[in-house]
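Novice: Pasting structure_22.txt below, which is compact mmCIF, C-alpha atoms.
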```
# COMPACT_ATOMS: atom_id res chain seq x y z
CA MET A 1 -14.51 -40.77 20.03
CA ALA A 2 -11.52 -38.48 20.53
CA LYS A 3 -9.49 -40.56 18.07
CA ILE A 4 -12.24 -40.26 15.44
CA ILE A 5 -12.39 -36.47 15.87
CA PHE A 6 -8.60 -36.26 15.61
CA LEU A 7 -8.62 -38.39 12.46
CA VAL A 8 -11.34 -36.26 10.86
CA LEU A 9 -9.36 -33.09 11.67
CA CYS A 10 -6.22 -34.56 10.15
CA ILE A 11 -8.05 -35.55 6.98
CA ALA A 12 -9.63 -32.08 6.76
CA ILE A 13 -6.23 -30.40 7.14
CA ILE A 14 -4.69 -32.65 4.49
CA LEU A 15 -7.56 -31.91 2.10
CA ILE A 16 -7.20 -28.16 2.70
CA LEU A 17 -3.46 -28.36 2.02
CA ILE A 18 -4.08 -30.29 -1.19
CA VAL A 19 -6.66 -27.74 -2.38
CA VAL A 20 -4.43 -24.78 -1.47
CA THR A 21 -1.42 -26.34 -3.22
CA ALA A 22 -3.50 -27.07 -6.31
CA LEU A 23 -4.82 -23.51 -6.43
CA ARG A 24 -1.29 -22.10 -6.02
CA LEU A 25 -0.13 -24.20 -8.97
CA ILE A 26 -3.12 -23.15 -11.07
CA ASN A 27 -2.54 -19.47 -10.24
CA ALA A 28 1.19 -19.80 -10.92
CA ASN A 29 0.45 -21.20 -14.35
CA LYS A 30 -2.21 -18.57 -15.06
CA ASN A 31 0.10 -15.71 -14.08
CA ARG A 32 3.26 -16.98 -15.74
CA ILE A 33 4.74 -14.48 -18.19
CA LEU A 34 5.75 -16.32 -21.36
CA GLN A 35 6.35 -13.47 -23.84
CA PRO A 36 9.91 -13.57 -25.23
CA ASN A 37 10.70 -10.03 -24.11
CA GLY A 38 8.77 -10.32 -20.86
CA ILE A 39 10.12 -10.37 -17.33
CA GLN A 40 9.03 -12.28 -14.24
CA GLU A 41 11.61 -11.85 -11.55
CA ASN A 42 11.90 -12.04 -7.76
CA THR A 43 15.26 -10.64 -6.81
CA TYR A 44 17.34 -8.80 -4.23
CA VAL A 45 19.25 -5.69 -5.28
CA GLU A 46 21.94 -3.90 -3.28
CA ILE A 47 20.36 -0.57 -2.30
CA GLY A 48 21.60 1.69 0.47
CA GLY A 49 24.14 -0.86 1.64
CA MET A 50 21.66 -3.74 2.03
CA LYS A 51 19.84 -6.30 -0.08
CA GLN A 52 16.33 -5.07 -0.87
CA TYR A 53 13.60 -7.17 -2.43
CA LEU A 54 12.05 -6.43 -5.81
CA GLN A 55 9.29 -8.22 -7.68
CA ILE A 56 9.46 -7.25 -11.37
CA ARG A 57 6.74 -8.30 -13.81
CA GLY A 58 5.73 -7.28 -17.31
CA GLU A 59 5.14 -8.73 -20.76
CA ASP A 60 7.60 -6.44 -22.53
CA LYS A 61 10.73 -5.03 -20.89
CA ASP A 62 10.62 -2.08 -23.30
CA ASN A 63 7.34 -0.85 -21.77
CA PRO A 64 7.24 2.11 -19.36
CA VAL A 65 8.28 1.26 -15.79
CA ILE A 66 5.94 1.67 -12.81
CA LEU A 67 7.54 1.72 -9.35
CA TRP A 68 4.95 0.58 -6.78
CA LEU A 69 5.40 2.02 -3.27
CA HIS A 70 3.59 -0.05 -0.67
CA GLY A 71 1.63 1.17 2.34
CA GLY A 72 2.21 0.93 6.05
CA PRO A 73 4.82 2.03 6.95
CA GLY A 74 6.05 -1.52 6.68
CA PHE A 75 3.06 -3.26 5.10
CA PRO A 76 3.91 -4.68 1.65
CA LEU A 77 1.25 -6.68 -0.19
CA THR A 78 3.50 -7.88 -2.98
CA TYR A 79 2.17 -11.43 -2.72
CA LEU A 80 -1.23 -10.13 -3.90
CA SER A 81 0.14 -8.37 -6.99
CA CYS A 82 -1.08 -11.14 -9.29
CA TYR A 83 -4.61 -10.28 -8.12
CA TYR A 84 -4.53 -6.50 -8.56
CA GLN A 85 -2.01 -5.67 -11.30
CA LYS A 86 -2.33 -8.48 -13.86
CA ASP A 87 -4.35 -6.33 -16.28
CA LEU A 88 -1.55 -3.74 -16.38
CA GLU A 89 1.33 -6.09 -17.12
CA ALA A 90 0.76 -6.14 -20.88
CA ASP A 91 1.54 -2.41 -21.11
CA TYR A 92 3.86 -1.73 -18.17
CA THR A 93 6.79 -3.25 -16.33
CA ILE A 94 5.74 -3.11 -12.68
CA VAL A 95 8.31 -3.11 -9.89
CA CYS A 96 7.07 -3.86 -6.37
CA TRP A 97 9.70 -2.79 -3.85
CA GLU A 98 9.67 -4.01 -0.25
CA GLN A 99 11.32 -1.16 1.64
CA ARG A 100 14.06 -1.50 4.22
CA GLY A 101 12.94 -2.73 7.62
CA CYS A 102 9.97 -4.76 6.42
CA GLY A 103 8.80 -7.82 4.52
CA ARG A 104 11.28 -9.90 2.59
CA THR A 105 13.90 -7.15 2.81
CA TYR A 106 13.77 -7.40 6.61
CA TYR A 107 14.48 -11.13 6.63
CA GLN A 108 17.35 -10.81 4.14
CA ASN A 109 19.40 -8.45 6.32
CA ASN A 110 20.90 -8.49 9.80
CA ASN A 111 20.83 -4.72 10.13
CA ASN A 112 17.43 -3.12 9.56
CA GLU A 113 18.13 0.15 11.33
CA GLU A 114 18.19 3.75 10.03
CA LEU A 115 14.47 3.83 9.26
CA THR A 116 14.05 7.51 8.50
CA ILE A 117 12.27 9.36 5.71
CA ASP A 118 15.61 10.70 4.43
CA ARG A 119 17.10 7.19 4.28
CA LEU A 120 14.09 5.82 2.39
CA ILE A 121 14.14 8.72 -0.07
CA ALA A 122 17.84 8.01 -0.69
CA ASP A 123 17.04 4.30 -1.15
CA MET A 124 14.27 5.17 -3.56
CA ASP A 125 16.50 7.45 -5.60
CA GLU A 126 19.13 4.73 -5.85
CA LEU A 127 16.41 2.29 -6.95
CA VAL A 128 15.03 4.69 -9.57
CA ASN A 129 18.54 5.13 -10.98
CA TYR A 130 18.95 1.34 -11.08
CA LEU A 131 15.63 0.85 -12.89
CA CYS A 132 16.36 3.63 -15.41
CA GLU A 133 19.74 2.12 -16.23
CA ARG A 134 18.48 -1.46 -16.38
CA PHE A 135 15.44 -0.74 -18.55
CA ASN A 136 16.98 2.11 -20.55
CA LYS A 137 14.61 4.81 -19.29
CA ASP A 138 15.08 8.45 -18.36
CA LYS A 139 12.18 8.45 -15.88
CA VAL A 140 9.75 6.11 -14.15
CA ILE A 141 6.08 6.26 -13.18
CA ILE A 142 5.58 6.52 -9.42
CA MET A 143 2.53 4.77 -7.98
CA GLY A 144 2.13 4.84 -4.20
CA GLN A 145 -0.53 3.60 -1.80
CA SER A 146 -1.17 5.10 1.66
CA TRP A 147 2.28 5.40 3.32
CA GLY A 148 3.67 4.98 -0.20
CA THR A 149 2.05 8.31 -1.13
CA VAL A 150 4.06 10.03 1.61
CA LEU A 151 7.25 8.59 0.17
CA GLY A 152 6.05 9.26 -3.38
CA MET A 153 5.16 12.90 -2.84
CA GLU A 154 8.42 13.56 -1.00
CA TYR A 155 10.32 12.01 -3.90
CA LEU A 156 8.30 13.91 -6.50
CA ASN A 157 9.17 17.18 -4.80
CA GLU A 158 12.87 16.32 -4.59
CA HIS A 159 13.36 14.63 -7.99
CA PRO A 160 10.60 15.69 -10.41
CA GLU A 161 13.05 15.27 -13.31
CA LYS A 162 13.01 11.48 -12.75
CA VAL A 163 9.23 11.08 -12.64
CA VAL A 164 7.04 10.52 -15.73
CA SER A 165 3.82 10.85 -13.74
CA TYR A 166 2.54 10.29 -10.22
CA ILE A 167 -0.44 8.18 -9.08
CA GLY A 168 -1.48 8.39 -5.43
CA ILE A 169 -3.85 5.70 -4.12
CA GLY A 170 -5.32 6.47 -0.71
CA GLN A 171 -3.33 9.71 -0.71
CA VAL A 172 -2.14 10.88 2.69
CA THR A 173 -2.82 14.58 3.26
CA ASP A 174 -2.72 15.25 7.03
CA PHE A 175 -2.89 11.83 8.68
CA LYS A 176 -3.75 12.94 12.20
CA ARG A 177 -6.44 15.37 11.06
CA GLY A 178 -7.85 12.64 8.79
CA LYS A 179 -8.25 10.22 11.70
CA ILE A 180 -10.08 12.83 13.73
CA TYR A 181 -12.30 13.80 10.79
CA ALA A 182 -13.21 10.14 10.23
CA ALA A 183 -14.14 9.66 13.88
CA GLN A 184 -16.23 12.84 13.87
CA THR A 185 -18.07 11.62 10.77
CA ALA A 186 -18.65 8.25 12.44
CA ILE A 187 -20.24 10.05 15.39
CA GLN A 188 -22.68 11.75 13.02
CA ARG A 189 -23.62 8.38 11.49
CA SER A 190 -23.75 6.39 14.72
CA GLY A 191 -26.98 7.86 16.03
CA ASP A 192 -25.16 8.62 19.31
CA LYS A 193 -24.69 4.89 19.97
CA ASP A 194 -20.90 5.16 20.33
CA ALA A 195 -20.63 8.94 20.32
CA LEU A 196 -19.31 9.38 23.87
CA LEU A 197 -16.60 6.75 23.42
CA LEU A 198 -15.52 8.10 20.03
CA ASP A 199 -15.47 11.64 21.40
CA SER A 200 -13.21 10.57 24.27
CA TYR A 201 -10.83 8.96 21.77
CA ILE A 202 -10.83 12.11 19.64
CA GLN A 203 -10.01 14.36 22.58
CA SER A 204 -7.15 12.10 23.65
CA PHE A 205 -5.70 11.87 20.13
CA GLN A 206 -5.99 15.64 19.56
CA LYS A 207 -3.70 16.21 22.54
CA THR A 208 -1.09 13.73 21.30
CA GLU A 209 1.89 15.42 19.67
CA CYS A 210 4.43 12.62 19.23
CA ILE A 211 4.67 8.86 18.91
CA ASP A 212 6.04 8.40 22.44
CA LYS A 213 2.84 9.82 23.90
CA LEU A 214 0.51 7.94 21.56
CA ASN A 215 -1.94 5.50 23.14
CA VAL A 216 -1.75 2.86 20.42
CA LYS A 217 -4.58 0.68 21.73
CA GLU A 218 -6.88 3.68 22.04
CA LEU A 219 -6.09 4.87 18.53
CA GLU A 220 -6.69 1.38 17.16
CA GLN A 221 -10.06 1.24 18.90
CA MET A 222 -10.97 4.68 17.53
CA ILE A 223 -10.16 3.59 13.96
CA LEU A 224 -12.01 0.26 14.24
CA LEU A 225 -15.07 1.85 15.86
CA SER A 226 -15.11 4.60 13.23
CA LEU A 227 -14.93 2.09 10.37
CA LYS A 228 -17.90 0.25 11.84
CA TYR A 229 -20.04 3.14 10.57
CA LEU A 230 -17.99 4.12 7.51
CA LYS A 231 -17.09 0.86 5.75
CA GLY A 232 -17.89 0.52 2.03
CA SER A 233 -20.04 -2.31 0.72
CA ARG A 234 -17.39 -3.56 -1.77
CA GLU A 235 -14.39 -3.57 0.54
CA LEU A 236 -12.43 -6.82 0.39
CA SER A 237 -13.08 -8.86 3.52
CA SER A 238 -10.23 -10.07 5.71
CA ILE A 239 -11.23 -13.67 5.01
CA LYS A 240 -11.12 -13.20 1.23
CA GLN A 241 -7.80 -11.39 1.47
CA MET A 242 -6.41 -14.29 3.49
CA LEU A 243 -7.67 -16.79 0.90
CA LEU A 244 -6.14 -14.75 -1.92
CA ALA A 245 -2.86 -14.68 -0.03
CA VAL A 246 -2.51 -18.40 0.72
CA THR A 247 -3.51 -19.36 -2.84
CA SER A 248 -1.11 -16.85 -4.39
CA PRO A 249 2.00 -18.42 -5.95
CA GLU A 250 3.99 -15.51 -4.52
CA PHE A 251 3.02 -16.07 -0.87
CA SER A 252 5.90 -17.37 1.25
CA TRP A 253 6.62 -18.28 4.86
CA ASN A 254 8.41 -14.95 5.34
CA ASP A 255 5.36 -13.12 4.01
CA LEU A 256 3.22 -14.86 6.62
CA LYS A 257 5.68 -14.10 9.42
CA TRP A 258 5.84 -10.43 8.47
CA PHE A 259 2.06 -10.16 8.05
CA LEU A 260 1.58 -11.45 11.60
CA THR A 261 4.18 -8.96 12.85
CA ALA A 262 2.77 -5.99 10.95
CA SER A 263 -0.83 -6.79 11.90
CA ASN A 264 -0.02 -6.02 15.53
CA SER A 265 -0.24 -2.23 15.86
CA GLU A 266 2.22 -1.98 18.74
CA ASN A 267 4.76 -4.17 16.94
CA ILE A 268 4.66 -2.18 13.73
CA MET A 269 4.78 1.16 15.52
CA ASN A 270 7.82 0.05 17.49
CA CYS A 271 9.81 -1.35 14.57
CA GLN A 272 8.80 1.48 12.18
CA LYS A 273 8.75 4.16 14.88
CA GLU A 274 10.42 7.08 13.12
CA LEU A 275 8.45 6.54 9.91
CA VAL A 276 5.14 6.29 11.80
CA GLU A 277 6.05 9.44 13.71
CA TYR A 278 6.75 11.21 10.44
CA MET A 279 3.48 10.17 8.80
CA TYR A 280 1.28 10.81 11.84
CA PHE A 281 2.73 14.02 13.20
CA THR A 282 4.97 15.71 10.61
CA PHE A 283 3.89 15.07 7.02
CA ASN A 284 1.35 17.49 5.59
CA VAL A 285 0.97 17.41 1.82
CA GLU A 286 -0.63 20.87 1.83
CA LYS A 287 2.69 22.36 3.00
CA MET A 288 4.47 21.00 -0.06
CA SER A 289 4.51 22.48 -3.55
CA CYS A 290 1.13 23.37 -5.05
CA GLY A 291 2.45 23.29 -8.62
CA TYR A 292 3.81 20.25 -10.47
CA SER A 293 5.33 19.78 -13.91
CA VAL A 294 4.19 16.15 -14.22
CA PRO A 295 0.72 14.57 -14.59
CA ILE A 296 -0.86 13.71 -11.24
CA CYS A 297 -3.72 11.32 -10.53
CA PHE A 298 -5.37 10.52 -7.21
CA ILE A 299 -7.38 7.29 -7.00
CA GLN A 300 -9.61 7.06 -3.94
CA GLY A 301 -12.13 4.59 -2.65
CA GLU A 302 -15.49 6.27 -2.12
CA ASN A 303 -15.42 4.99 1.45
CA ASP A 304 -11.77 5.55 2.22
CA TRP A 305 -11.75 6.88 5.77
CA ILE A 306 -8.13 5.99 6.51
CA THR A 307 -7.13 8.84 4.19
CA PRO A 308 -10.52 10.56 3.83
CA THR A 309 -11.52 11.09 0.21
CA ASP A 310 -13.06 14.50 0.99
CA MET A 311 -9.71 15.74 2.27
CA VAL A 312 -7.85 14.41 -0.77
CA LYS A 313 -10.36 16.13 -3.09
CA SER A 314 -9.91 19.43 -1.21
CA TYR A 315 -6.15 19.16 -1.66
CA TYR A 316 -6.51 18.13 -5.31
CA ASP A 317 -8.52 21.30 -5.99
CA THR A 318 -5.63 23.48 -4.77
CA ILE A 319 -2.84 22.09 -6.95
CA SER A 320 -1.81 22.66 -10.52
CA ALA A 321 -0.02 20.10 -12.69
CA SER A 322 0.78 19.53 -16.35
CA SER A 323 -2.47 17.54 -16.13
CA LYS A 324 -4.39 16.16 -13.19
CA GLU A 325 -7.23 13.76 -12.50
CA PHE A 326 -9.27 12.70 -9.48
CA VAL A 327 -10.82 9.22 -9.60
CA VAL A 328 -13.29 7.77 -7.09
CA ILE A 329 -14.04 4.04 -7.11
CA ASP A 330 -17.57 3.44 -5.83
CA ASN A 331 -18.08 1.58 -2.55
CA ALA A 332 -14.35 0.87 -2.24
CA GLY A 333 -12.22 1.65 0.80
CA HIS A 334 -8.58 2.43 1.46
CA THR A 335 -7.34 -0.30 -0.92
CA PRO A 336 -9.42 0.24 -4.08
CA PHE A 337 -6.91 -1.84 -6.05
CA LEU A 338 -8.02 -4.84 -3.97
CA ASP A 339 -11.70 -3.91 -3.71
CA ASN A 340 -12.15 -3.42 -7.46
CA PRO A 341 -8.97 -4.42 -9.34
CA GLU A 342 -10.64 -4.31 -12.77
CA GLN A 343 -11.74 -0.68 -12.47
CA PHE A 344 -8.49 0.24 -10.77
CA CYS A 345 -6.42 -1.11 -13.66
CA ASP A 346 -8.74 0.52 -16.22
CA GLU A 347 -8.38 3.92 -14.53
CA VAL A 348 -4.60 3.65 -14.25
CA ARG A 349 -4.23 2.61 -17.89
CA ARG A 350 -6.56 5.33 -19.15
CA PHE A 351 -4.76 8.04 -17.18
CA LEU A 352 -1.31 6.95 -18.31
CA GLU A 353 -2.37 6.55 -21.94
CA GLU A 354 -3.86 10.03 -21.98
CA ASN A 355 -0.77 11.58 -20.41
```
Hey, can you dump this file as structure tokens for me?
Specialist:
Amino acid sequence: MAKIIFLVLCIAIILILIVVTALRLINANKNRILQPNGIQENTYVEIGGMKQYLQIRGEDKDNPVILWLHGGPGFPLTYLSCYYQKDLEADYTIVCWEQRGCGRTYYQNNNNEELTIDRLIADMDELVNYLCERFNKDKVIIMGQSWGTVLGMEYLNEHPEKVVSYIGIGQVTDFKRGKIYAAQTAIQRSGDKDALLLDSYIQSFQKTECIDKLNVKELEQMILLSLKYLKGSRELSSIKQMLLAVTSPEFSWNDLKWFLTASNSENIMNCQKELVEYMYFTFNVEKMSCGYSVPICFIQGENDWITPTDMVKSYYDTISASSKEFVVIDNAGHTPFLDNPEQFCDEVRRFLEEN
């Protein structure tokens, strides 16, 4: 009997591998860029003294360049780009950059130290200069998600002359205050079921002033328990995201290794410590400039409680820009580009075309 069960399992695994391989080949063919002036490139570029990974895709290299800043810190989703950005590639050259200390960049280098906001801003500036020279541009479009909006807003304030426009997705305002606000809202919606536990988490987190004193497990439990009452109906499930990943032609063994590393909160907070500290306890977008000379767009999921949409809207109302727009994608969460890629691409294209 045991031999029969083992044989059935082996056959099932082989069939799954065949199906996954077939789907990867189909998706690779479907997402192949064939236009004569197009670009489809996975490359490493020397930035800040190390090789850093870039995925560059677009149907015409003369199109405007979008630099995509991933979330985290340290959580690139480049292998899903064929799912969420395909509809933009006809009009834009999109560059997904995996920052130092994470993802494919991490595995390409022996030294992944010096993970500070200043170092990443310097890396980003070097990358922007590289992209402008390579694609014959004066400026690039900055599009950041979550942690990428911290990096993006810092860069926009330091180098506005190199930015065509800025798009923040899941914009970080005050990360710590946002976590507390989300938990307080969850208490209101919980019907007191988990109110005492959430309140204890809130009180503990309110007293925390630096990463060394942060109870990571407790914070993780507070976030997960809060999202139990706040999750949007169209948010991409973990199972579907996993299926999209393994059937993506871009997904590699290193992507899997890093995903498993980054999915452990304690691991990611240890290896990205200074950046996490900066985002959680230092960065506050409201203390930055309130006037910008470039178009600014914030795209939020209606049910984004990682960077609460209410807080982003309050900040949006205080700033001036050459033009500005606030977009809410219904029933989406912190990754609206995954929850509703069609609407996401439509909103990005419309904003950029109008500005």
Novice: Given the point (5.5, -1.5, -19.2) in the file's coordinates, find the residues that have an atom at most 9 Å from it, counting only C-alpha atoms, and give them as JSON, numbers by chain.
Specialist: {"A": [57, 58, 59, 60, 61, 62, 63, 64, 65, 66, 88, 89, 90, 91, 92, 93, 94]}
Novice: Identify which of the residues A:Asn284, A:Ser322, A:Ser293, A:Asn303 lies closest to Glu154 in chain A, counting all atoms listed in the file when measuring atom-to-atom distances.
Specialist: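 For Glu154 in chain A, the nearest of the candidates is A:Asn284.
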Novice: Compare A:Asn215, A:Gln99, A:Gln40, A:Ser165 by their minimum atom-to-atom distance to Gly148 in chain A, counting all atoms listed in the file, and give me the closest one.
Specialist: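 Comparing A:Asn215, A:Gln99, A:Gln40, A:Ser165 against Gly148 in chain A, the winner is A:Gln99.
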Novice: Which residues come within 10 Å of Val276 in chain A, counting all atoms listed in the file, excluding same-chain residues fewer than 2 positions away, as a ChimeraX atom specification?
Specialist: /A:72-74,115-117,147,210-211,268-274,278-282
Novice: Return the single residue from A:Ile121, A:Leu352, A:Met222, A:Ile169 that is closest to Gln300 in chain A, with distances computed using only C-alpha atoms.
Specialist: A:Ile169
Novice: Considering all atoms listed in the file, can you say which of A:Lys240, A:Lys324, A:His70, A:Arg177 comes closest to Phe205 in chain A?
Specialist: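 Looking only at the distances to Phe205 in chain A, the closest residue turns out to be A:Arg177.
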Novice: Expressed in Å to a single decimal, how great is the separation between CA of Cys345 in chain A and CA of Val128 in chain A?
Specialist: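 One can read the CA of Cys345 in chain A to CA of Val128 in chain A distance as 22.6 Å.
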Novice: If you measure from CA of Val164 in chain A to CA of Gln145 in chain A, what distance in Å do you get, rounded to one decimal?
Specialist: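 Straight-line distance from CA of Val164 in chain A to CA of Gln145 in chain A works out to 17.3 Å.
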Novice: Report, in Å to a single decimal, how far apart CA of Gly170 in chain A and CA of Phe298 in chain A are.
Specialist: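 Between these atoms lies a distance of 7.7 Å.
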Novice: So, with all atoms listed in the file as the atoms that count, which of A:Arg134, A:Arg24, A:Lys217, A:Arg189 lies closest to Leu243 in chain A?
Specialist: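 Under the stated criterion, the closest residue is A:Arg24.
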Novice: Tell me, as a PyMOL selection string, which residues lie within 9 Å of Met153 in chain A, counting all atoms listed in the file; anything in the same chain fewer than 2 positions away does not count.
Specialist: chain A and resi 144+148-151+155-158+166+168+285+288
Novice: Residues near Pro341 in chain A, anyone? I mean within 8 Å using only C-alpha atoms, not counting same-chain ones fewer than 4 positions away, as a VMD selection string.
Specialist: chain A and resid 83 to 85 336 to 337 345
Novice: Quick one: residues within 7 Å of (-15.4, 2.6, 0.2) (file frame), counting all atoms listed in the file, please, as a list in words.
Specialist: Lys231, Gly232, Ser233, Arg234, Glu235, Gly301, Glu302, Asn303, Asp304, Asp330, Asn331, Ala332, Gly333 and His334 of chain A
Novice: Nearest to Pro76 in chain A among A:Met311, A:Cys96, A:Leu230, A:Val140, with distances taken over only C-alpha atoms: which residue is it?
Specialist: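 With only C-alpha atoms as the atom set, the closest residue is A:Cys96.
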